[in-house]
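Q: Before anything else, here's the structure in question.
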There are 2 protein chains.
Amino acid sequence: MLSNAKIKWIHSLEQKKFRQQYGLFTAEGNKLTADLLDLLPCRLLVATEEWFLQNSEVKADEIITTDKVGIHKASMLKTPQDVLGIFEIPNPELNPNLLKGKISLVLDNIQDPGNLGTILRIADWFGMEHVICSIGTVDAYHPKTVQATMGAIGRVKIHYTSLQSLFEKTDLPVFGTFLEGEVIYHCELPSEGLIVMGNEGNGISESTAKYVTQKLYIPDFPLGKTGSESLNVSAATAIVCSEFRRRLYGKTE
Amino acid sequence: MLSNAKIKWIHSLEQKKFRQQYGLFTAEGNKLTADLLDLLPCRLLVATEEWFLQNSEVKADEIITTDKVGIHKASMLKTPQDVLGIFEIPNPELNPNLLKGKISLVLDNIQDPGNLGTILRIADWFGMEHVICSIGTVDAYHPKTVQATMGAIGRVKIHYTSLQSLFEKTDLPVFGTFLEGEVIYHCELPSEGLIVMGNEGNGISESTAKYVTQKLYIPDFPLGKTGSESLNVSAATAIVCSEFRRRLYGKTE
């Protein structure tokens, strides 16, 4: 039975401090929850009887069957589906040696939960195993971020750390987009390195910029026209990641 | 003075039916409003005294000075700034001849206002003059869309029409992304045509797909891995537009 105390506890996970205290986050929706059940330990699964009939072999520490009204009470979505799950937040090791030979994403104070979710989905699509977030980046287990990742939240290894300490510990090349950067289309791009994406309003911070070894630029069209001053950070991330992967396409597969 | 009736009227524009009835939409924030004042006729400008002191030469049919509390009452944002403007919705001509020699974006039932805003910003960055939306696409003058465009809403020409009638009237090549498409990185891509982007959940509809003359694919990495099944539509739009512009880069400028 879905008690009021349990509903209150589930809603407490909308707040970062409780997610961190319990090491848990919520995912909602039939597809996302089913995907995450294959990827992460599930502490609690709340679903309708119909959902359990169609998904009989689920593994969770605690299972609660309820009706649509119960799901609605526990949900943070306007139009909840038939299931929500409370999952353990992974705590992957961040060892600079693990980043060698790979492209990883570094996020410098991304603020919008939806942007972060879209970026994690891009990282997953392009096979970037690690996403390293500055301490000031919005929490990746924010409900809006989790929903926007479409399951990538369970596949990509997400780390929060001081970017300065990361850069000090690695000699990997560091890439970032700047207005004065080199046009990305014709740059040589390696198969290992760190791609830094900056804050929505302010771009890459000064303290991070000094570690950037190659400045890149996504040219507008026609070049230098008066118009949009920048791309949304998730759109820019998509293009930069695609450009890195384009250099490898057909070479390693 | 900002009357309660005026506040109510401003809030009515949060609804599509009133935006369409009056042919008006709302933009908020110091930067966005200032940008749009240079681009579109302004019916009403509501701002603090401080804002008007710094922006003395604004043109609007009606100007109301208020304080932060007044802005807050009229605003639909959680953290309003110092100004909001009510602007006329442009009604640009859609003549298939105008699309010749250009790349234009076609949106097939995009549902999320934030995605649409990000896509309009991408179109603006890459100099795509026209964005043609299916009747089922979310309203481009939705407040969340307007805010996400960062001013592109005043530069890009936005049309709503039956896509079928559009395709019937043009012989331009039509591009779309499909799982069985050709890898975009190595395709020849022309300097004119229509790029179709599909709905968030269902992709390009069947009725639109039959007009697509070249199917494209953004490869994941490593190719064909088990993971994310797709990119967010705005991320995919960014990559496809960038690929079209990459083919032209250095050729026409």
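The way I read the labels, and the way they are meant: chains A, B, ... in the order of the structure tokens, residue 1 as the first residue of every chain, and ligand 1 as the first ligand shown, with later ones counted on from there.
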Residues of chain A that approach chain B to 9 Å or less, counting only C-alpha atoms: could you list each one with the shortest pair of atoms and its distance in Å to one decimal, rows by chain and increasing residue number, as a tab-separated table?

A:
```
residue	atom	partner	partner_atom	distance
A:Thr118	CA	B:Asn232	CA	6.6
A:Ile119	CA	B:Ala235	CA	8.7
A:Arg121	CA	B:Leu231	CA	6.7
A:Ile122	CA	B:Leu231	CA	6.3
A:Asp124	CA	B:Ser228	CA	6.2
A:Trp125	CA	B:Asp220	CA	5.3
A:Phe126	CA	B:Phe221	CA	4.6
A:Gly127	CA	B:Phe221	CA	5.0
A:Met128	CA	B:Phe221	CA	8.3
A:Ala148	CA	B:Asn232	CA	8.5
A:Thr149	CA	B:Ser228	CA	8.8
A:Met150	CA	B:Ser228	CA	7.3
A:Gly151	CA	B:Ser228	CA	7.0
A:Ala152	CA	B:Ser228	CA	6.4
A:Arg155	CA	B:Gly227	CA	7.5
A:Tyr185	CA	B:Arg246	CA	6.5
A:Ile218	CA	B:Ser242	CA	8.4
A:Pro219	CA	B:Phe126	CA	8.2
A:Asp220	CA	B:Phe126	CA	5.2
A:Phe221	CA	B:Phe126	CA	4.6
A:Pro222	CA	B:Gly127	CA	6.1
A:Leu223	CA	B:Glu253	CA	7.4
A:Lys225	CA	B:Gly127	CA	8.4
A:Gly227	CA	B:Asp124	CA	6.9
A:Ser228	CA	B:Trp125	CA	5.5
A:Glu229	CA	B:Trp125	CA	7.7
A:Ser230	CA	B:Trp125	CA	7.2
A:Leu231	CA	B:Ile122	CA	6.3
A:Asn232	CA	B:Thr118	CA	6.6
A:Ser234	CA	B:Ala235	CA	6.7
A:Ala235	CA	B:Ala235	CA	5.2
A:Ala236	CA	B:Ala238	CA	7.4
A:Thr237	CA	B:Ala235	CA	8.1
A:Ala238	CA	B:Ala235	CA	5.4
A:Ile239	CA	B:Ile239	CA	5.1
A:Val240	CA	B:Ile239	CA	8.8
A:Ser242	CA	B:Ile239	CA	6.9
A:Glu243	CA	B:Ile239	CA	8.8
A:Arg245	CA	B:Phe221	CA	7.2
A:Arg246	CA	B:Tyr185	CA	6.5
A:Tyr249	CA	B:Tyr185	CA	8.3
A:Thr252	CA	B:Pro222	CA	8.7
A:Glu253	CA	B:Leu223	CA	7.4
```

Q: List as JSON, numbers by chain the protein and nucleic acid residues near Cys133 of chain B, meaning an atom at most 6 Å away when only C-alpha atoms are counted, but skip any in the same chain fewer than 2 places from it.

A: {"B": [106, 107, 137, 159, 160]}

Q: Create the file for the chosen residues now, containing N, CA and C atoms and written as a PDB file, in the first residue's frame.

A:
```
ATOM      1  N   VAL B 106      11.858  22.464 -41.945  1.00  0.00           N
ATOM      2  CA  VAL B 106      10.442  22.081 -41.907  1.00  0.00           C
ATOM      3  C   VAL B 106      10.225  21.261 -40.641  1.00  0.00           C
ATOM      4  N   LEU B 107       9.273  21.651 -39.810  1.00  0.00           N
ATOM      5  CA  LEU B 107       9.062  20.965 -38.531  1.00  0.00           C
ATOM      6  C   LEU B 107       7.736  20.215 -38.553  1.00  0.00           C
ATOM      7  N   THR B 137       2.371  21.545 -35.062  1.00  0.00           N
ATOM      8  CA  THR B 137       3.537  21.969 -34.263  1.00  0.00           C
ATOM      9  C   THR B 137       3.091  22.983 -33.215  1.00  0.00           C
ATOM     10  N   HIS B 159       6.355  30.073 -40.488  1.00  0.00           N
ATOM     11  CA  HIS B 159       5.104  29.820 -41.208  1.00  0.00           C
ATOM     12  C   HIS B 159       4.427  28.584 -40.636  1.00  0.00           C
ATOM     13  N   TYR B 160       3.112  28.604 -40.567  1.00  0.00           N
ATOM     14  CA  TYR B 160       2.336  27.406 -40.233  1.00  0.00           C
ATOM     15  C   TYR B 160       1.508  27.050 -41.456  1.00  0.00           C
TER      16      TYR B 160
END
```

Q: Using only C-alpha atoms, determine which residues lie at most 12 Å from Asn55 of chain B, disregarding the query and same-chain residues fewer than 2 positions distant; provide the list as number ranges by chain.

A: B: 30-31, 33-35, 37, 45, 47-53, 57-59, 82-83

Q: When DSSP is applied to the backbone of this structure, which of segment 35-102 of chain A are assigned alpha helix (DSSP H)? Write them out as a count of residues only.

A: 16

Q: Given only C-alpha atoms as the basis, pick out the residue of B:Gln81, B:Asn115, B:Gln54, B:Gln214 nearest to Thr145 of chain B.

A: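 Ranking B:Gln81, B:Asn115, B:Gln54, B:Gln214 by distance to Thr145 of chain B, first place goes to B:Asn115.
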
Q: List every residue of segment 64-249 of chain A that DSSP, applied to the backbone, labels as strand (DSSP E or B), and write the result as a ChimeraX atom specification.

A: /A:64-66,83-88,103-108,130-133,157-160,174-183,193-199,203,214-217

Q: Limited to N, CA and C atoms, could you put the picked residues into a file as a compact mmCIF listing (two decimals), in the first residue's frame?

A:
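Result went into part20.txt, see below:
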```
# COMPACT_ATOMS: atom_id res chain seq x y z
N ILE A 64 5.51 -1.60 -4.60
CA ILE A 64 4.19 -1.17 -4.14
C ILE A 64 3.25 -1.10 -5.35
N THR A 65 2.14 -1.81 -5.24
CA THR A 65 1.12 -1.75 -6.29
C THR A 65 0.09 -0.70 -5.88
N THR A 66 -0.27 0.15 -6.80
CA THR A 66 -1.25 1.19 -6.50
C THR A 66 -2.11 1.42 -7.74
N VAL A 83 4.14 4.05 -13.77
CA VAL A 83 5.20 3.55 -12.89
C VAL A 83 6.19 4.66 -12.57
N LEU A 84 6.75 4.57 -11.36
CA LEU A 84 7.92 5.38 -11.03
C LEU A 84 8.84 4.55 -10.16
N GLY A 85 10.13 4.81 -10.30
CA GLY A 85 11.12 4.05 -9.55
C GLY A 85 12.06 4.96 -8.81
N ILE A 86 12.48 4.48 -7.62
CA ILE A 86 13.51 5.19 -6.85
C ILE A 86 14.79 4.38 -6.99
N PHE A 87 15.81 4.98 -7.58
CA PHE A 87 17.04 4.27 -7.90
C PHE A 87 18.23 4.81 -7.10
N GLU A 88 19.24 3.95 -6.96
CA GLU A 88 20.47 4.39 -6.27
C GLU A 88 21.30 5.28 -7.19
N ILE A 103 37.35 10.41 -25.44
CA ILE A 103 36.83 11.77 -25.39
C ILE A 103 35.85 11.84 -24.22
N SER A 104 36.03 12.81 -23.34
CA SER A 104 35.08 13.00 -22.24
C SER A 104 34.56 14.43 -22.27
N LEU A 105 33.37 14.60 -21.71
CA LEU A 105 32.77 15.94 -21.63
C LEU A 105 33.01 16.54 -20.26
N VAL A 106 33.30 17.82 -20.23
CA VAL A 106 33.48 18.56 -18.97
C VAL A 106 32.49 19.73 -18.98
N LEU A 107 31.67 19.83 -17.95
CA LEU A 107 30.63 20.87 -17.92
C LEU A 107 30.96 21.90 -16.85
N ASP A 108 31.08 23.14 -17.31
CA ASP A 108 31.52 24.24 -16.45
C ASP A 108 30.32 25.09 -16.05
N HIS A 130 32.36 9.23 -19.79
CA HIS A 130 32.44 10.07 -18.59
C HIS A 130 31.99 11.50 -18.87
N VAL A 131 31.16 12.03 -17.99
CA VAL A 131 30.83 13.46 -18.01
C VAL A 131 31.23 14.02 -16.66
N ILE A 132 32.14 15.00 -16.70
CA ILE A 132 32.67 15.56 -15.45
C ILE A 132 32.09 16.96 -15.27
N CYS A 133 31.36 17.13 -14.16
CA CYS A 133 30.65 18.39 -13.90
C CYS A 133 31.38 19.19 -12.84
N LYS A 157 28.76 7.79 -16.99
CA LYS A 157 29.33 7.96 -15.64
C LYS A 157 29.46 9.45 -15.36
N ILE A 158 28.77 9.90 -14.32
CA ILE A 158 28.69 11.32 -14.02
C ILE A 158 29.50 11.61 -12.75
N HIS A 159 30.38 12.61 -12.86
CA HIS A 159 31.23 12.96 -11.72
C HIS A 159 31.07 14.44 -11.40
N TYR A 160 31.12 14.79 -10.13
CA TYR A 160 31.17 16.19 -9.70
C TYR A 160 32.49 16.41 -9.00
N VAL A 174 42.67 19.86 -23.94
CA VAL A 174 41.39 20.39 -23.48
C VAL A 174 40.83 21.32 -24.56
N PHE A 175 39.60 21.06 -24.99
CA PHE A 175 38.97 21.82 -26.07
C PHE A 175 37.80 22.62 -25.51
N GLY A 176 37.60 23.80 -26.07
CA GLY A 176 36.45 24.61 -25.67
C GLY A 176 36.06 25.52 -26.81
N THR A 177 34.79 25.95 -26.85
CA THR A 177 34.36 26.86 -27.92
C THR A 177 34.45 28.31 -27.45
N PHE A 178 35.05 29.12 -28.32
CA PHE A 178 35.24 30.55 -28.05
C PHE A 178 34.99 31.30 -29.35
N LEU A 179 34.55 32.56 -29.23
CA LEU A 179 34.32 33.36 -30.44
C LEU A 179 35.59 33.53 -31.26
N GLU A 180 36.74 33.53 -30.58
CA GLU A 180 38.01 33.72 -31.30
C GLU A 180 38.67 32.38 -31.64
N GLY A 181 37.91 31.29 -31.51
CA GLY A 181 38.49 29.96 -31.76
C GLY A 181 38.65 29.67 -33.25
N GLU A 182 39.30 28.55 -33.53
CA GLU A 182 39.53 28.09 -34.91
C GLU A 182 38.25 27.40 -35.40
N VAL A 183 37.91 27.62 -36.66
CA VAL A 183 36.69 27.00 -37.20
C VAL A 183 36.78 25.48 -37.07
N GLY A 193 40.72 13.32 -25.26
CA GLY A 193 40.75 14.70 -24.79
C GLY A 193 39.52 15.04 -24.00
N LEU A 194 39.49 16.26 -23.52
CA LEU A 194 38.37 16.76 -22.74
C LEU A 194 37.70 17.90 -23.51
N ILE A 195 36.39 17.82 -23.67
CA ILE A 195 35.64 18.89 -24.32
C ILE A 195 34.90 19.66 -23.23
N VAL A 196 35.23 20.94 -23.07
CA VAL A 196 34.58 21.75 -22.05
C VAL A 196 33.41 22.52 -22.66
N MET A 197 32.25 22.46 -22.04
CA MET A 197 31.12 23.27 -22.44
C MET A 197 30.79 24.21 -21.27
N GLY A 198 30.52 25.47 -21.59
CA GLY A 198 30.38 26.49 -20.54
C GLY A 198 28.95 26.81 -20.16
N ASN A 199 28.85 27.66 -19.16
CA ASN A 199 27.58 28.13 -18.62
C ASN A 199 26.72 28.82 -19.68
N GLY A 203 29.31 31.39 -20.67
CA GLY A 203 30.29 30.57 -21.37
C GLY A 203 31.28 29.93 -20.41
N GLN A 214 43.09 24.05 -26.94
CA GLN A 214 42.69 24.40 -28.30
C GLN A 214 41.30 25.03 -28.31
N LYS A 215 41.24 26.25 -28.81
CA LYS A 215 39.97 26.96 -28.88
C LYS A 215 39.29 26.69 -30.21
N LEU A 216 38.03 26.33 -30.16
CA LEU A 216 37.26 25.99 -31.36
C LEU A 216 36.14 26.99 -31.56
N TYR A 217 35.60 27.03 -32.78
CA TYR A 217 34.50 27.94 -33.07
C TYR A 217 33.54 27.27 -34.05
```

Q: Considering only C-alpha atoms, state which residue in the set A:Pro173, A:Gly136, A:Gly29, A:Pro80 is at the smallest distance from Ser191 of chain A.

A: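 Selected residue with least distance to Ser191 of chain A: A:Pro173.
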
Q: Mind pulling up the distance from atom CA of Ser12 of chain A to atom CA of Met76 of chain B?

A: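 Between atom CA of Met76 of chain B and atom CA of Ser12 of chain A the gap is 26.4 Å.
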
Q: Could you tell me how far atom CA of Asn4 of chain B lies from atom CA of Lys17 of chain B, in Å and to one decimal?

A: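 Computing the Euclidean distance for atom CA of Asn4 of chain B and atom CA of Lys17 of chain B yields 20.7 Å.
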
Q: So what do you get for atom CA of Met1 of chain B versus atom CA of Pro143 of chain B, distance-wise?

A: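 Pair atom CA of Met1 of chain B / atom CA of Pro143 of chain B returns 23.8 Å.
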
Q: Counting only C-alpha atoms, figure out which residue out of B:Ala140, B:Ile89, B:Asp171, B:Thr26 gets nearest to Leu40 of chain B.

A: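 Among B:Ala140, B:Ile89, B:Asp171, B:Thr26, it is B:Ile89 that comes nearest to Leu40 of chain B.
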